[in-house]
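Structure data follow from structure-v6.csv (CSV, C-alpha atoms):
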chain,number,residue,atom,x,y,z
A,1,MET,CA,135.4,101.9,85.3
A,2,THR,CA,135.8,100.4,88.8
A,3,TYR,CA,132.8,100.4,91.0
A,4,ALA,CA,131.4,98.2,93.7
A,5,LEU,CA,127.9,97.4,94.8
A,6,ARG,CA,126.9,97.0,98.5
A,7,GLN,CA,123.9,97.0,100.7
A,8,ALA,CA,123.1,100.5,102.0
A,9,ILE,CA,123.7,101.1,105.7
A,10,ARG,CA,122.4,103.7,108.1
A,11,ALA,CA,125.6,105.9,107.5
A,12,ASP,CA,124.5,106.2,103.9
A,13,LEU,CA,121.3,108.1,104.8
A,14,PRO,CA,122.7,111.5,103.5
A,15,ASP,CA,123.6,109.9,100.2
A,16,ILE,CA,120.3,108.0,99.9
A,17,VAL,CA,118.5,111.3,100.3
A,18,ARG,CA,120.8,113.0,97.8
A,19,LEU,CA,120.5,110.2,95.2
A,20,VAL,CA,116.7,109.9,95.5
A,21,ARG,CA,116.4,113.7,95.3
A,22,GLY,CA,118.5,113.4,92.1
A,23,LEU,CA,116.0,111.0,90.7
A,24,ALA,CA,113.1,113.3,91.6
A,25,GLU,CA,114.9,116.1,89.8
A,26,TYR,CA,115.6,113.9,86.7
A,27,GLU,CA,111.9,112.9,86.6
A,28,ARG,CA,110.8,116.5,86.9
A,29,LEU,CA,109.1,115.7,90.2
A,30,ALA,CA,111.4,117.6,92.6
A,31,HIS,CA,108.4,119.6,93.8
A,32,GLU,CA,107.0,116.3,95.3
A,33,PHE,CA,110.2,115.3,97.1
A,34,THR,CA,109.9,116.0,100.8
A,35,ALA,CA,111.6,113.0,102.4
A,36,GLY,CA,114.6,113.5,104.6
A,37,GLU,CA,117.0,111.2,106.5
A,38,ALA,CA,114.4,110.5,109.2
A,39,GLU,CA,111.9,109.2,106.7
A,40,PHE,CA,114.4,107.0,104.9
A,41,ASP,CA,115.7,105.8,108.3
A,42,ALA,CA,112.2,104.7,109.2
A,43,LEU,CA,111.7,103.0,105.8
A,44,MET,CA,115.0,101.1,105.8
A,45,PHE,CA,116.7,100.8,109.1
A,46,THR,CA,114.1,100.3,111.9
A,47,PRO,CA,112.7,97.0,113.1
A,48,ASP,CA,109.6,97.7,111.0
A,49,ARG,CA,111.6,98.5,107.9
A,50,VAL,CA,109.8,98.0,104.6
A,51,ALA,CA,112.6,98.9,102.0
A,52,GLU,CA,116.2,98.1,101.3
A,53,ALA,CA,118.7,99.7,99.0
A,54,THR,CA,121.9,98.8,97.1
A,55,VAL,CA,124.4,101.5,96.4
A,56,ALA,CA,127.0,101.8,93.8
A,57,GLU,CA,130.4,103.3,94.8
A,58,ILE,CA,133.5,104.4,92.9
A,59,PRO,CA,136.7,104.6,95.0
A,60,GLY,CA,137.2,108.0,96.5
A,61,ARG,CA,133.6,109.2,95.9
A,62,ALA,CA,130.3,109.1,97.7
A,63,PRO,CA,127.8,106.6,96.2
A,64,VAL,CA,127.0,107.4,92.6
A,65,GLY,CA,124.0,105.1,92.1
A,66,ILE,CA,121.1,103.5,94.0
A,67,ALA,CA,118.5,100.8,93.7
A,68,LEU,CA,115.8,101.1,96.4
A,69,TYR,CA,113.3,98.3,96.5
A,70,HIS,CA,110.8,96.4,98.6
A,71,ARG,CA,108.8,93.2,98.6
A,72,THR,CA,105.5,92.7,96.9
A,73,VAL,CA,103.0,89.9,96.9
A,74,ASN,CA,101.7,88.0,93.9
A,75,THR,CA,98.5,86.5,95.2
A,76,PHE,CA,97.7,84.7,91.9
A,77,LYS,CA,100.9,82.8,92.2
A,78,GLY,CA,101.2,82.7,95.9
A,79,GLN,CA,104.7,84.1,95.7
A,80,VAL,CA,106.7,87.2,96.7
A,81,GLY,CA,108.2,89.6,94.2
A,82,LEU,CA,110.5,92.6,94.3
A,83,PHE,CA,109.4,96.1,93.5
A,84,LEU,CA,112.1,98.5,92.3
A,85,GLU,CA,111.0,101.8,93.6
A,86,ASP,CA,114.0,103.9,92.6
A,87,LEU,CA,116.9,103.3,90.2
A,88,PHE,CA,119.2,106.2,89.8
A,89,VAL,CA,122.8,106.7,88.5
A,90,GLU,CA,124.4,110.1,88.6
A,91,PRO,CA,124.5,111.7,85.2
A,92,ASP,CA,128.3,111.7,84.9
A,93,GLN,CA,128.4,107.9,85.5
A,94,ARG,CA,125.6,106.8,83.1
A,95,GLY,CA,126.8,104.5,80.4
A,96,ASN,CA,129.4,102.9,82.6
A,97,GLY,CA,127.4,99.8,83.3
A,98,ILE,CA,126.3,100.8,86.8
A,99,GLY,CA,122.5,100.7,86.1
A,100,LEU,CA,122.8,97.3,84.5
A,101,ALA,CA,124.9,96.1,87.4
A,102,LEU,CA,122.3,97.3,89.9
A,103,LEU,CA,119.6,95.5,88.0
A,104,GLN,CA,121.6,92.3,87.7
A,105,HIS,CA,122.2,92.5,91.5
A,106,LEU,CA,118.5,92.8,92.1
A,107,ALA,CA,117.8,89.8,89.9
A,108,GLN,CA,120.3,87.8,91.9
A,109,ILE,CA,118.6,88.9,95.1
A,110,ALA,CA,115.2,87.9,93.6
A,111,ILE,CA,116.5,84.5,92.7
A,112,GLU,CA,118.3,83.9,96.0
A,113,ARG,CA,115.1,84.8,97.9
A,114,ASN,CA,112.9,82.7,95.6
A,115,TYR,CA,111.0,85.8,94.4
A,116,ASN,CA,109.2,85.3,91.1
A,117,VAL,CA,109.3,88.8,89.6
A,118,ILE,CA,110.8,92.2,89.6
A,119,GLU,CA,108.5,95.1,88.7
A,120,TRP,CA,108.9,98.8,88.4
A,121,ARG,CA,107.4,101.9,86.8
A,122,VAL,CA,108.9,104.2,84.2
A,123,LEU,CA,107.6,107.6,83.1
A,124,ASN,CA,106.2,107.4,79.6
A,125,TRP,CA,108.5,110.3,78.3
A,126,ASN,CA,111.7,108.6,79.7
A,127,GLU,CA,112.8,107.1,76.4
A,128,PRO,CA,116.5,106.4,77.4
A,129,SER,CA,115.3,104.3,80.4
A,130,ILE,CA,112.5,102.6,78.4
A,131,LYS,CA,115.0,101.5,75.7
A,132,PHE,CA,117.4,100.3,78.4
A,133,TYR,CA,114.7,98.2,80.0
A,134,GLU,CA,113.7,96.8,76.7
A,135,ARG,CA,117.3,95.8,76.0
A,136,ILE,CA,117.5,93.7,79.2
A,137,GLY,CA,114.2,92.0,78.3
A,138,ALA,CA,111.7,93.8,80.6
A,139,GLY,CA,108.2,93.6,79.1
A,140,LYS,CA,105.8,96.5,79.0
A,141,MET,CA,102.5,95.8,80.8
A,142,THR,CA,99.9,97.0,78.4
A,143,ASP,CA,96.8,95.7,80.1
A,144,TRP,CA,97.3,97.5,83.4
A,145,HIS,CA,97.0,101.2,84.4
A,146,VAL,CA,98.7,102.6,87.5
A,147,ARG,CA,96.4,104.3,89.9
A,148,ARG,CA,97.2,106.4,92.9
A,149,LEU,CA,95.0,107.5,95.8
A,150,PHE,CA,96.9,110.3,97.4
A,151,GLY,CA,96.6,113.5,99.5
A,152,PRO,CA,93.1,114.9,99.8
A,153,ALA,CA,91.5,112.0,97.9
A,154,LEU,CA,93.0,109.5,100.4
A,155,THR,CA,91.8,111.6,103.3
A,156,ALA,CA,88.4,111.9,101.9
A,157,LEU,CA,88.0,108.1,101.3
A,158,ALA,CA,89.3,107.3,104.7
A,159,GLY,CA,86.7,109.7,106.1
A,160,GLY,CA,83.9,107.8,104.3
A,161,ALA,CA,83.6,109.7,101.0
A,162,SER,CA,82.7,107.5,98.1
A,163,THR,CA,83.3,110.2,95.4
A,164,HIS,CA,85.9,112.8,94.9
A,165,GLY,CA,85.2,116.3,93.7
Would you mind giving the structure from this file in structure tokens?
Amino acid sequence: MTYALRQAIRADLPDIVRLVRGLAEYERLAHEFTAGEAEFDALMFTPDRVAEATVAEIPGRAPVGIALYHRTVNTFKGQVGLFLEDLFVEPDQRGNGIGLALLQHLAQIAIERNYNVIEWRVLNWNEPSIKFYERIGAGKMTDWHVRRLFGPALTALAGGASTHG
């Protein structure tokens, strides 16, 4: 299988939306997907950008894979890390090494930029991805729980509430 990886550009916005929507559908979270090209443009291609992406292409096709990521801060080490927000390869291209190549590319970026870690989340039911991540040496963080302050709870806290419900 011949594919190439490259940094996403503004012209990729329709494909970025399509691929991230594909991830939302795969993760059974399509009902939460509301972002469009304008939102991804603001995230990735404005002077205040906060995210980047690498896309995987096959000759003659629109991009078939994406790794969308942003910087994080590791205050205990005083270093910067990379957070992989979205990793997705179209179903008909899985098993061709594209996901691994995207992760290897992110590892190279992390090393080049002197980042000390790559972190991401995976849904607990997603056994194929969990096994893939274990095969490449990614450790499970068992002492941490992910928390999210979102929607009405975020608004309530911003308004001064100290309890929810």
What are the closest atom pairs, with distances in Å to one decimal, for each residue of range 43-80 of chain A lying within 12 Å of range 95-98 of chain A, using all atoms listed in the file, rows by chain and rising residue number, as a tab-separated table?
residue	atom	partner	partner_atom	distance
A:Thr54	CA	A:Ile98	CA	11.4
A:Val55	CA	A:Ile98	CA	9.8
A:Ala56	CA	A:Ile98	CA	7.1
A:Glu57	CA	A:Ile98	CA	9.3
A:Ile58	CA	A:Ile98	CA	10.1
A:Pro63	CA	A:Ile98	CA	11.1
A:Val64	CA	A:Ile98	CA	8.8
A:Gly65	CA	A:Ile98	CA	7.2
A:Ile66	CA	A:Ile98	CA	9.3
A:Ala67	CA	A:Ile98	CA	10.4
*Skipping near chain neighbours, those fewer than 5 positions away, what residues fall within 10 Å of Arg113 in chain A using all atoms listed in the file, listed as a PyMOL selection string?*
chain A and resi 80-82+107-108
_Spatial neighbours of range 39-44 of chain A, max dist 12 Å, all atoms listed in the file, sep filter under 3 positions, as an NGL selection string_ = :A and (7-21 or 33-36 or 47-54 or 68-70)
*Tell me which protein, DNA and RNA residues are within 12 Å of range 148-152 of chain A, counting only C-alpha atoms, leaving out same-chain ones fewer than 3 positions away, and put them as a VMD selection string.*
chain A and resid 32 145 155 to 159 161 163 to 165
*With distances taken over all atoms listed in the file, which of A:Trp125, A:Tyr115, A:Tyr3, A:Phe88 is nearest to Leu23 in chain A?*
A:Phe88
*When distances are computed from all atoms listed in the file, which of A:Pro59, A:Leu29, A:Val122, A:Leu100 shows the smallest separation from Glu85 in chain A?*
A:Val122
*Which one of A:Ser162, A:Ser129, A:Thr142, A:Thr72 sits closest to Val89 in chain A if you count all atoms listed in the file?*
A:Ser129
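Our summary of the geometry notes that CA of Arg28 in chain A is positioned 21.5 Å from CA of Phe83 in chain A.
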*Smallest atom-to-atom distance to Leu106 in chain A: which of A:Glu127, A:Glu37, A:Asp92, A:Asp86, using only C-alpha atoms?*
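Ranking A:Glu127, A:Glu37, A:Asp92, A:Asp86 by distance to Leu106 in chain A, first place goes to A:Asp86.
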*Identify which of the residues A:Ala4, A:Leu84, A:Ile118, A:Ile111 lies closest to Arg61 in chain A, counting only C-alpha atoms when measuring atom-to-atom distances.*
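Among the listed residues, the smallest separation from Arg61 in chain A belongs to A:Ala4.
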*Pairwise distance for CA of Thr2 in chain A and CA of Pro91 in chain A, rounded to one decimal in Å*: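 Taking CA of Thr2 in chain A and CA of Pro91 in chain A, their separation equals 16.4 Å.
Here CA of Asn116 in chain A and CA of Arg135 in chain A stand 20.1 Å from one another.
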*Go through A:Leu87, A:Gln79, A:His105, A:Asp143 and flag the residue nearest Ala24 in chain A, using all atoms listed in the file for the distances.*
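Answer, going by the shortest atom-to-atom distance: A:Leu87.
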